[in-house]
Amino acid sequence: MLSIWLNVVVQGILTGLLYGLMALGLSVIFGVVRLVNFAHGEFAVVAMYAAFVLFRAFGLDPLIAMLPIALAFFVVGFALQRTLINAFVGRPEHEQFILLVGVAIVLVNAVLIVFGPDAQPANLPYAFDSYMIGPLLVDKVRVYAAVAALAVCAALFGFFRFTRTGTAIRACADNLVGAAVVGLDVRKLYAITFGIGLACVGAAGSLMITIADAVPSLGPAYTLLAFTIVIIGGLGSMAGALVAGLLIGVSEALAGFLIAPSMKSMFSFALLVAVLVLRPQGLLGKKPA
Amino acid sequence: MISLWRDMNGRGQVAVALAFLVLLFAPVAATRYLLSVLTLILYFVYVGQAWNLMMGYAGQLSLGHALYVGLGGYISAALWVHFGIGPWLGVVPSVAIAAAFGAAIGWLGFRFGIEGVYFSLLTIAFAEFTRIGFDHIGFVGGAGGLFIPYEESRLGEWWNLRGSQVFFYYLAFGMAVLAVLLTALLARSRLGYQWLAIREDETAARALGIDVFRAKMKAVLISSSMTAVGGVFYAFYYNSLFPAQLFDMSRSIELILGPIVGGTGTVFGPVIGAFVLTPLGEILIAVTEKAGINAPGAKAIFFGLILMAIIYLVPTGVWPWLSQRLGFARRRS
């Protein structure tokens with residue numbers, strides 16, 4: 001009996017790492033550019049379809065396809081920030097919201113036209129392999145995807161901590177005026193940040209195809225999921241996004257197991273409301289000055 | 001209301017009077033299809049106006065207004081289907097329960113200082129939570145939906161909201177006109193000015209002695225109650241209710257697009273927005289069908305692009321720009 005519980009929790013943790021990576025992208029954009037990316041989940045779904053096509057057409061494993069997709073998403077994000085979104089930085093939230101809702105609508109419906117409304121499973125050859133670790137039975141795909149997600153997160157943490165660009169971006173987030181005063185090219189750094197955010201979501205989406213079927217309607221659901229995670233974890237806290245991703249992953253897995261899979265996101269929203277009320281800055285967020 | 005009229009110059013007054021008369025006599029000439037489009041437009045004017053009070057005037061961005069539409073619709077429909085309680089009576093508990101939800105969201109949000117994006121997310125969370133909840137409530141049909149049966153013998157019972165297209169048209173027209181008048185009234189009231197002060201600078205408003213919490217709560221209560229009445233209309237007009245349709249986030253977005261495109265915080269913004277967007281949607285459907293594009297997403301893509309264009313080019317909305325262009329606004333000192 002205990003082993004079933006353990007299995008459910010481990011599965012939740014592994015899924016939660018992917019959620020965390022996706023939310024990390026949102027957190028980075030939100031924390032630095034102060035922009036509400038309401039098209040985040042839709043970008044994740046586009047990445048899922050990209051990985052799906054690369055696998056079906058060239059047999060490219062999503063774990064490898066993740067790299068070119070993330071790169072392409074970085075370029076898209078950089079260009080998008082430079083052209084369209086930069087004009088909206090600092091504008092009222094509802095205006096940013098409408099712009100990105102427009103982007104989201106275009107993305108999700110383009111996917112709908114190209115691939116149709118039906119779920120598309122990737123059918124990886126090793127989809128049903130699993131590891132036996134004592135009483136635990138863990139799917140190989142989930143382990144691979146989780147490890148890959150961790151690797152991307154580690155790379156990102158390293159980038160922000162140890163590179164000059166990463167440090168400069170953190171400076172923009174901490175003190176925008178100060179950053180501009182010391183001569184940082186804020187516009188360019190914003191574009192890089194948006195690119196990194198989308199690269200995260202590109203990588204997360206590519207990994208997501210290994211454990212979930214691609215459906216256009218996942219877009220809005222993932223947007224909500226990413227926002228829930230970021231706010232639970234704490235705005236602008238990268239570690240918070242990961243922790244909250246794990247939390248939501250486990251809570252979804254448990255709710256799906258104990259009650260009904262269709263009710264799993266109810267618990268995420270309940271968690272969200274609880275966090276907003278009890279600790280509005282999020283689990284790992286800093287208290288506002 | 002009178003001040004709304006006085007604020008317009010002669011041109012504006014003529015335009016508003018003309019539009020009113022055209023809409024009043026539209027059923028005489030309009031086809032059934034045109035009338036159904038007009039009904040939909042007027043419905044969006046009504047719910048858009050309800051949202052506009054909260055966002056446009058009080059500055060609280062709710063992205064979960066589908067919650068109130070859904071509650072209003074579901075409660076009135078369930079009372080009718082299960083207990084035979086007519087909507088004229090059923091509207092009372094519908095509004096009360098929707099207002100209670102609004103009060104809960106407002107209380108949580110305003111008491112605990114949940115602001116901006118966080119507040120918006122709180123409203124979405126409540127709507128999604130309720131959607132999933134209704135999916136699992138067997139009493140109202142769960143995910144399979146709740147249906148108001150069509151009964152030939154009841155068709156004339158206007159007091160039970162059973163009637164023809166023309167009847168629903170005039171109902172929507174009446175609701176839209178009342179919503180516009182209420183907005184105009186509130187905009188010039190003490191409460192309306194308090195809302196504006198809060199929208200512009202909450203700290204300053206508090207420093208002036210405005211009870212910010214109270215004023216914001218009033219905004220949520222008025223807005224949620226009004227929206228719930230729209231939900232009752234929706235239920236008895238369409239006769240079928242699905243949680244995935246009523247409570248979905250896309251519904252909340254659909255509802256707020258009109259006022260945003262038309263111009264939030266203005267009396268006529270939501271009106272213009274609805275009159276621009278709804279026909280645009282209908283035209284896009286017709287055009288894509290004519291062009292033989294049998295793609296369900298084509299219309300939505302155009303819609304998304306148009307949204308992006310409007311918010312990029314005229315971020316304050318079409319109405320302020322239009323009224324200036326057409327010379328409707330009386331010059332203010």
# chains A, B, ... in the order shown; residues from 1 in each chain; ligands from 1
call {"tool": "closest_atom_pairs", "arguments": {"of": "stretch 231-307 of chain B", "to": "stretch 45-56 of chain B", "cutoff": "10 Å", "atoms": "only C-alpha atoms", "output": "tab-separated table"}}
result
residue	atom	partner	partner_atom	distance
B:Gly231	CA	B:Val47	CA	8.8
B:Ser252	CA	B:Trp51	CA	9.8
B:Glu254	CA	B:Gly48	CA	9.3
B:Leu255	CA	B:Gly48	CA	5.9
B:Ile256	CA	B:Gly48	CA	5.9
B:Leu257	CA	B:Gly48	CA	8.0
B:Gly258	CA	B:Gly48	CA	6.3
B:Pro259	CA	B:Gly48	CA	5.6
B:Ile260	CA	B:Asn52	CA	8.5
B:Gly262	CA	B:Gly48	CA	9.9
B:Gly263	CA	B:Gly56	CA	8.2
B:Thr264	CA	B:Gly56	CA	4.4
B:Gly265	CA	B:Gly56	CA	3.7
B:Thr266	CA	B:Gly56	CA	7.2
B:Val267	CA	B:Gln49	CA	7.9
B:Phe268	CA	B:Gln49	CA	8.8
B:Gly269	CA	B:Gln49	CA	8.5
B:Pro270	CA	B:Gly48	CA	5.6
B:Val271	CA	B:Val45	CA	5.1
B:Ile272	CA	B:Val45	CA	8.3
B:Gly273	CA	B:Val45	CA	7.9
B:Ala274	CA	B:Val45	CA	5.7
B:Phe275	CA	B:Val45	CA	8.1
call {"tool": "residues_around", "arguments": {"residues": "B:Tyr169", "least_positions_apart": "2", "cutoff": "12 Å", "atoms": "only C-alpha atoms", "output": "VMD selection string"}}
result
chain B and resid 23 to 28 30 32 to 43 161 163 to 167 171 to 176 233 237
call {"tool": "write_last_selection", "arguments": {"atoms": "N, CA and C atoms", "output": "compact mmCIF listing (two decimals), in the first residue's frame"}}
result
# COMPACT_ATOMS: atom_id res chain seq x y z
N LEU B 23 -32.05 50.95 -32.97
CA LEU B 23 -32.10 49.69 -32.23
C LEU B 23 -33.52 49.39 -31.76
N LEU B 24 -34.26 50.46 -31.40
CA LEU B 24 -35.62 50.28 -30.90
C LEU B 24 -36.51 49.69 -32.00
N PHE B 25 -36.31 50.14 -33.22
CA PHE B 25 -37.19 49.67 -34.30
C PHE B 25 -36.54 48.62 -35.18
N ALA B 26 -35.37 48.13 -34.77
CA ALA B 26 -34.66 47.15 -35.59
C ALA B 26 -35.50 45.91 -35.91
N PRO B 27 -36.26 45.35 -34.94
CA PRO B 27 -37.00 44.13 -35.24
C PRO B 27 -38.00 44.28 -36.38
N VAL B 28 -38.41 45.52 -36.69
CA VAL B 28 -39.36 45.72 -37.77
C VAL B 28 -38.76 45.28 -39.10
N ALA B 30 -35.31 43.92 -39.45
CA ALA B 30 -34.19 42.98 -39.44
C ALA B 30 -34.64 41.55 -39.68
N ARG B 32 -34.15 37.43 -39.06
CA ARG B 32 -33.96 36.68 -37.83
C ARG B 32 -32.47 36.57 -37.48
N TYR B 33 -31.66 36.36 -38.54
CA TYR B 33 -30.22 36.22 -38.30
C TYR B 33 -29.64 37.52 -37.76
N LEU B 34 -29.99 38.63 -38.43
CA LEU B 34 -29.47 39.93 -38.00
C LEU B 34 -29.88 40.22 -36.56
N LEU B 35 -31.12 39.85 -36.26
CA LEU B 35 -31.63 40.10 -34.93
C LEU B 35 -30.87 39.29 -33.89
N SER B 36 -30.49 38.06 -34.27
CA SER B 36 -29.74 37.23 -33.31
C SER B 36 -28.35 37.82 -33.09
N VAL B 37 -27.76 38.38 -34.16
CA VAL B 37 -26.45 39.03 -33.99
C VAL B 37 -26.59 40.25 -33.09
N LEU B 38 -27.64 41.04 -33.32
CA LEU B 38 -27.85 42.23 -32.50
C LEU B 38 -28.08 41.86 -31.04
N THR B 39 -28.82 40.77 -30.82
CA THR B 39 -29.06 40.32 -29.45
C THR B 39 -27.74 39.98 -28.77
N LEU B 40 -26.88 39.28 -29.51
CA LEU B 40 -25.58 38.91 -28.97
C LEU B 40 -24.75 40.16 -28.65
N ILE B 41 -24.80 41.14 -29.58
CA ILE B 41 -24.06 42.38 -29.35
C ILE B 41 -24.54 43.06 -28.07
N LEU B 42 -25.87 43.14 -27.91
CA LEU B 42 -26.42 43.83 -26.75
C LEU B 42 -26.10 43.09 -25.46
N TYR B 43 -26.07 41.76 -25.56
CA TYR B 43 -25.66 40.97 -24.39
C TYR B 43 -24.23 41.33 -24.00
N LEU B 161 -39.34 33.90 -19.19
CA LEU B 161 -38.29 34.05 -20.21
C LEU B 161 -38.42 32.99 -21.30
N GLY B 163 -39.73 32.83 -24.94
CA GLY B 163 -40.30 33.70 -25.96
C GLY B 163 -39.54 33.61 -27.26
N SER B 164 -39.90 34.48 -28.16
CA SER B 164 -39.33 34.46 -29.50
C SER B 164 -38.01 35.23 -29.51
N GLN B 165 -37.38 35.24 -30.67
CA GLN B 165 -36.15 36.00 -30.87
C GLN B 165 -36.37 37.49 -30.58
N VAL B 166 -37.54 38.00 -31.04
CA VAL B 166 -37.82 39.42 -30.83
C VAL B 166 -37.89 39.74 -29.33
N PHE B 167 -38.53 38.83 -28.58
CA PHE B 167 -38.62 39.02 -27.14
C PHE B 167 -37.23 39.12 -26.52
N LEU B 171 -35.33 42.18 -24.58
CA LEU B 171 -34.80 41.97 -23.23
C LEU B 171 -33.34 42.42 -23.17
N ALA B 172 -32.55 41.97 -24.16
CA ALA B 172 -31.13 42.34 -24.19
C ALA B 172 -30.99 43.85 -24.36
N PHE B 173 -31.84 44.42 -25.19
CA PHE B 173 -31.80 45.87 -25.44
C PHE B 173 -32.06 46.62 -24.13
N GLY B 174 -33.10 46.18 -23.42
CA GLY B 174 -33.43 46.83 -22.15
C GLY B 174 -32.28 46.74 -21.16
N MET B 175 -31.70 45.54 -21.07
CA MET B 175 -30.60 45.34 -20.13
C MET B 175 -29.41 46.22 -20.50
N ALA B 176 -29.11 46.28 -21.80
CA ALA B 176 -27.95 47.08 -22.24
C ALA B 176 -28.18 48.56 -21.94
N PHE B 233 -29.88 35.61 -18.32
CA PHE B 233 -30.28 35.83 -19.71
C PHE B 233 -29.67 34.75 -20.61
N TYR B 237 -31.72 32.08 -22.90
CA TYR B 237 -31.64 32.37 -24.33
C TYR B 237 -31.10 31.15 -25.06
call {"tool": "residues_around", "arguments": {"residues": "stretch 232-246 of chain A", "least_positions_apart": "5", "cutoff": "8 Å", "atoms": "only C-alpha atoms", "output": "VMD selection string"}}
result
chain A and resid 12 to 21 23 to 24 27 to 28 30 to 32 271 to 272 275 to 276 281 to 286
call {"tool": "write_last_selection", "arguments": {"atoms": "C-alpha atoms", "output": "short mmCIF file (atom, residue, chain, number, x, y, z; two decimals), in the first residue's frame"}}
result
data_model
loop_
_atom_site.label_atom_id
_atom_site.label_comp_id
_atom_site.auth_asym_id
_atom_site.auth_seq_id
_atom_site.Cartn_x
_atom_site.Cartn_y
_atom_site.Cartn_z
CA GLY A 12 4.53 13.65 -9.26
CA ILE A 13 8.06 14.81 -8.50
CA LEU A 14 9.31 13.81 -11.93
CA THR A 15 6.43 15.59 -13.68
CA GLY A 16 6.85 18.51 -11.33
CA LEU A 17 10.40 19.08 -12.54
CA LEU A 18 9.07 19.66 -16.07
CA TYR A 19 6.42 22.02 -14.69
CA GLY A 20 9.16 23.78 -12.78
CA LEU A 21 11.25 24.29 -15.90
CA ALA A 23 7.42 28.03 -14.89
CA LEU A 24 11.06 29.06 -14.62
CA SER A 27 9.42 33.63 -13.73
CA VAL A 28 12.50 34.93 -15.53
CA PHE A 30 8.06 38.21 -15.20
CA GLY A 31 10.84 38.94 -12.75
CA VAL A 32 13.09 40.88 -15.10
CA LEU A 271 -2.99 25.86 -3.01
CA LEU A 272 -2.68 29.09 -4.96
CA VAL A 275 -0.49 30.91 -0.66
CA LEU A 276 -1.90 34.25 -1.84
CA GLN A 281 5.14 36.95 -1.69
CA GLY A 282 5.23 33.20 -2.39
CA LEU A 283 7.06 30.38 -0.67
CA LEU A 284 10.56 31.58 -1.50
CA GLY A 285 9.81 35.15 -2.50
CA LYS A 286 11.34 38.12 -0.78
#
call {"tool": "select_by_dssp", "arguments": {"residues": "stretch 215-248 of chain B", "states": "alpha helix (DSSP H)", "output": "PyMOL selection string"}}
result
chain B and resi 215-238+243-246
call {"tool": "interface_residues", "arguments": {"of": "chain B", "to": "chain A", "cutoff": "7 Å", "atoms": "only C-alpha atoms", "output": "PyMOL selection string"}}
result
chain B and resi 108+112+122+125+129+132+295+297+300-301+304-305+307-308+311+315
call {"tool": "write_last_selection", "arguments": {"atoms": "C-alpha atoms", "output": "CSV table (one decimal), in the first residue's frame"}}
result
chain,number,residue,atom,x,y,z
B,108,LEU,CA,-9.6,37.9,0.0
B,112,PHE,CA,-4.8,40.6,2.1
B,122,LEU,CA,-7.1,35.0,-7.9
B,125,ALA,CA,-8.4,30.6,-9.9
B,129,PHE,CA,-12.1,26.1,-9.5
B,132,ILE,CA,-14.1,22.0,-12.4
B,295,ALA,CA,-10.6,25.7,-40.6
B,297,GLY,CA,-9.1,28.3,-36.1
B,300,ALA,CA,-9.8,33.1,-34.2
B,301,ILE,CA,-6.4,33.9,-35.8
B,304,GLY,CA,-6.1,37.6,-32.4
B,305,LEU,CA,-4.3,39.7,-35.0
B,307,LEU,CA,-6.7,42.5,-31.1
B,308,MET,CA,-2.9,42.9,-31.2
B,311,ILE,CA,-4.0,47.4,-28.6
B,315,PRO,CA,-4.4,51.4,-26.5
call {"tool": "atom_distance", "arguments": {"atom1": "atom CA of B:Ala235", "atom2": "atom CA of B:Phe147"}}
result
8.8 Å
call {"tool": "residues_around", "arguments": {"residues": "A:Phe43", "least_positions_apart": "3", "cutoff": "8 Å", "atoms": "only C-alpha atoms", "output": "count of residues only"}}
result
11
call {"tool": "residues_around", "arguments": {"residues": "A:Pro125", "least_positions_apart": "3", "cutoff": "12 Å", "atoms": "only C-alpha atoms", "output": "NGL selection string"}}
result
:A and (55-56 or 59-62 or 121-122 or 128-129 or 140-141 or 210)
call {"tool": "write_last_selection", "arguments": {"atoms": "N, CA and C atoms", "output": "PDB file, in the first residue's frame"}}
result
ATOM      1  N   PHE A  55      10.330  14.259 -34.156  1.00  0.00           N
ATOM      2  CA  PHE A  55      10.421  12.831 -33.847  1.00  0.00           C
ATOM      3  C   PHE A  55       9.779  11.992 -34.940  1.00  0.00           C
ATOM      4  N   ARG A  56       8.590  12.399 -35.379  1.00  0.00           N
ATOM      5  CA  ARG A  56       7.869  11.612 -36.368  1.00  0.00           C
ATOM      6  C   ARG A  56       8.559  11.659 -37.732  1.00  0.00           C
ATOM      7  N   GLY A  59      12.800  10.976 -36.692  1.00  0.00           N
ATOM      8  CA  GLY A  59      13.143  10.051 -35.624  1.00  0.00           C
ATOM      9  C   GLY A  59      14.035  10.666 -34.567  1.00  0.00           C
ATOM     10  N   LEU A  60      14.020  12.001 -34.500  1.00  0.00           N
ATOM     11  CA  LEU A  60      14.869  12.690 -33.534  1.00  0.00           C
ATOM     12  C   LEU A  60      14.246  12.587 -32.136  1.00  0.00           C
ATOM     13  N   ASP A  61      15.002  12.031 -31.210  1.00  0.00           N
ATOM     14  CA  ASP A  61      14.494  11.877 -29.858  1.00  0.00           C
ATOM     15  C   ASP A  61      14.220  13.252 -29.226  1.00  0.00           C
ATOM     16  N   PRO A  62      13.048  13.429 -28.586  1.00  0.00           N
ATOM     17  CA  PRO A  62      12.738  14.736 -27.975  1.00  0.00           C
ATOM     18  C   PRO A  62      13.823  15.228 -27.018  1.00  0.00           C
ATOM     19  N   PRO A 121      -0.100  11.508 -29.777  1.00  0.00           N
ATOM     20  CA  PRO A 121       0.920  10.895 -28.929  1.00  0.00           C
ATOM     21  C   PRO A 121       2.229  10.714 -29.696  1.00  0.00           C
ATOM     22  N   ALA A 122       3.353  10.913 -29.010  1.00  0.00           N
ATOM     23  CA  ALA A 122       4.636  10.780 -29.688  1.00  0.00           C
ATOM     24  C   ALA A 122       4.993   9.317 -29.924  1.00  0.00           C
ATOM     25  N   PHE A 128       7.285   2.594 -22.656  1.00  0.00           N
ATOM     26  CA  PHE A 128       6.726   1.715 -21.628  1.00  0.00           C
ATOM     27  C   PHE A 128       7.803   1.010 -20.813  1.00  0.00           C
ATOM     28  N   ASP A 129       9.070   1.345 -21.067  1.00  0.00           N
ATOM     29  CA  ASP A 129      10.138   0.768 -20.240  1.00  0.00           C
ATOM     30  C   ASP A 129      10.122   1.426 -18.872  1.00  0.00           C
ATOM     31  N   LYS A 140      10.913   5.044 -17.476  1.00  0.00           N
ATOM     32  CA  LYS A 140      12.197   5.551 -17.953  1.00  0.00           C
ATOM     33  C   LYS A 140      12.060   6.961 -18.536  1.00  0.00           C
ATOM     34  N   VAL A 141      11.002   7.169 -19.354  1.00  0.00           N
ATOM     35  CA  VAL A 141      10.847   8.484 -19.997  1.00  0.00           C
ATOM     36  C   VAL A 141      10.792   9.611 -18.983  1.00  0.00           C
ATOM     37  N   THR A 210       7.219  13.795 -24.167  1.00  0.00           N
ATOM     38  CA  THR A 210       7.563  12.419 -23.806  1.00  0.00           C
ATOM     39  C   THR A 210       6.566  11.834 -22.813  1.00  0.00           C
TER      40      THR A 210
END
call {"tool": "atom_distance", "arguments": {"atom1": "atom CA of B:Lys216", "atom2": "atom CA of B:Arg111"}}
result
10.5 Å
call {"tool": "closest_residue", "arguments": {"among": "B:Trp107, B:Phe236, B:Tyr74, B:Phe302", "to": "B:Gly142", "atoms": "only C-alpha atoms"}}
result
B:Tyr74
call {"tool": "residues_around", "arguments": {"residues": "A:Leu258", "least_positions_apart": "5", "cutoff": "12 Å", "atoms": "only C-alpha atoms", "output": "VMD selection string"}}
result
chain A and resid 4 to 5 8 to 9 250 to 253 263 to 264 267
call {"tool": "write_last_selection", "arguments": {"atoms": "C-alpha atoms", "output": "PDB file, in the first residue's frame"}}
result
ATOM      1  CA  ILE A   4       1.634   2.767  -4.322  1.00  0.00           C
ATOM      2  CA  TRP A   5       1.757   6.066  -2.499  1.00  0.00           C
ATOM      3  CA  VAL A   8       2.489   8.299  -7.038  1.00  0.00           C
ATOM      4  CA  VAL A   9       4.662  10.805  -5.221  1.00  0.00           C
ATOM      5  CA  VAL A 250       2.998  16.007  -6.417  1.00  0.00           C
ATOM      6  CA  SER A 251      -0.336  17.620  -5.543  1.00  0.00           C
ATOM      7  CA  GLU A 252      -1.702  16.838  -9.014  1.00  0.00           C
ATOM      8  CA  ALA A 253      -0.477  13.255  -8.844  1.00  0.00           C
ATOM      9  CA  MET A 263     -10.100  17.316 -10.401  1.00  0.00           C
ATOM     10  CA  LYS A 264      -6.355  17.585 -10.027  1.00  0.00           C
ATOM     11  CA  PHE A 267      -6.043  21.404  -5.729  1.00  0.00           C
TER      12      PHE A 267
END
call {"tool": "residues_around", "arguments": {"residues": "A:Ala119", "least_positions_apart": "4", "cutoff": "6 Å", "atoms": "only C-alpha atoms", "output": "mmCIF file with N, CA and C atoms, in the first residue's frame"}}
result
data_model
loop_
_atom_site.group_PDB
_atom_site.id
_atom_site.type_symbol
_atom_site.label_atom_id
_atom_site.label_comp_id
_atom_site.auth_asym_id
_atom_site.auth_seq_id
_atom_site.Cartn_x
_atom_site.Cartn_y
_atom_site.Cartn_z
ATOM 1 N N ASP A 213 0.351 13.679 -24.375
ATOM 2 C CA ASP A 213 -0.006 13.861 -25.783
ATOM 3 C C ASP A 213 -0.153 15.347 -26.077
ATOM 4 N N ALA A 214 0.209 15.737 -27.310
ATOM 5 C CA ALA A 214 0.067 17.136 -27.698
ATOM 6 C C ALA A 214 -1.379 17.417 -28.105
ATOM 7 N N VAL A 215 -1.998 18.407 -27.471
ATOM 8 C CA VAL A 215 -3.354 18.852 -27.811
ATOM 9 C C VAL A 215 -3.349 20.374 -27.777
#
call {"tool": "atom_distance", "arguments": {"atom1": "atom CA of B:Leu146", "atom2": "atom CA of B:His65"}}
result
20.2 Å
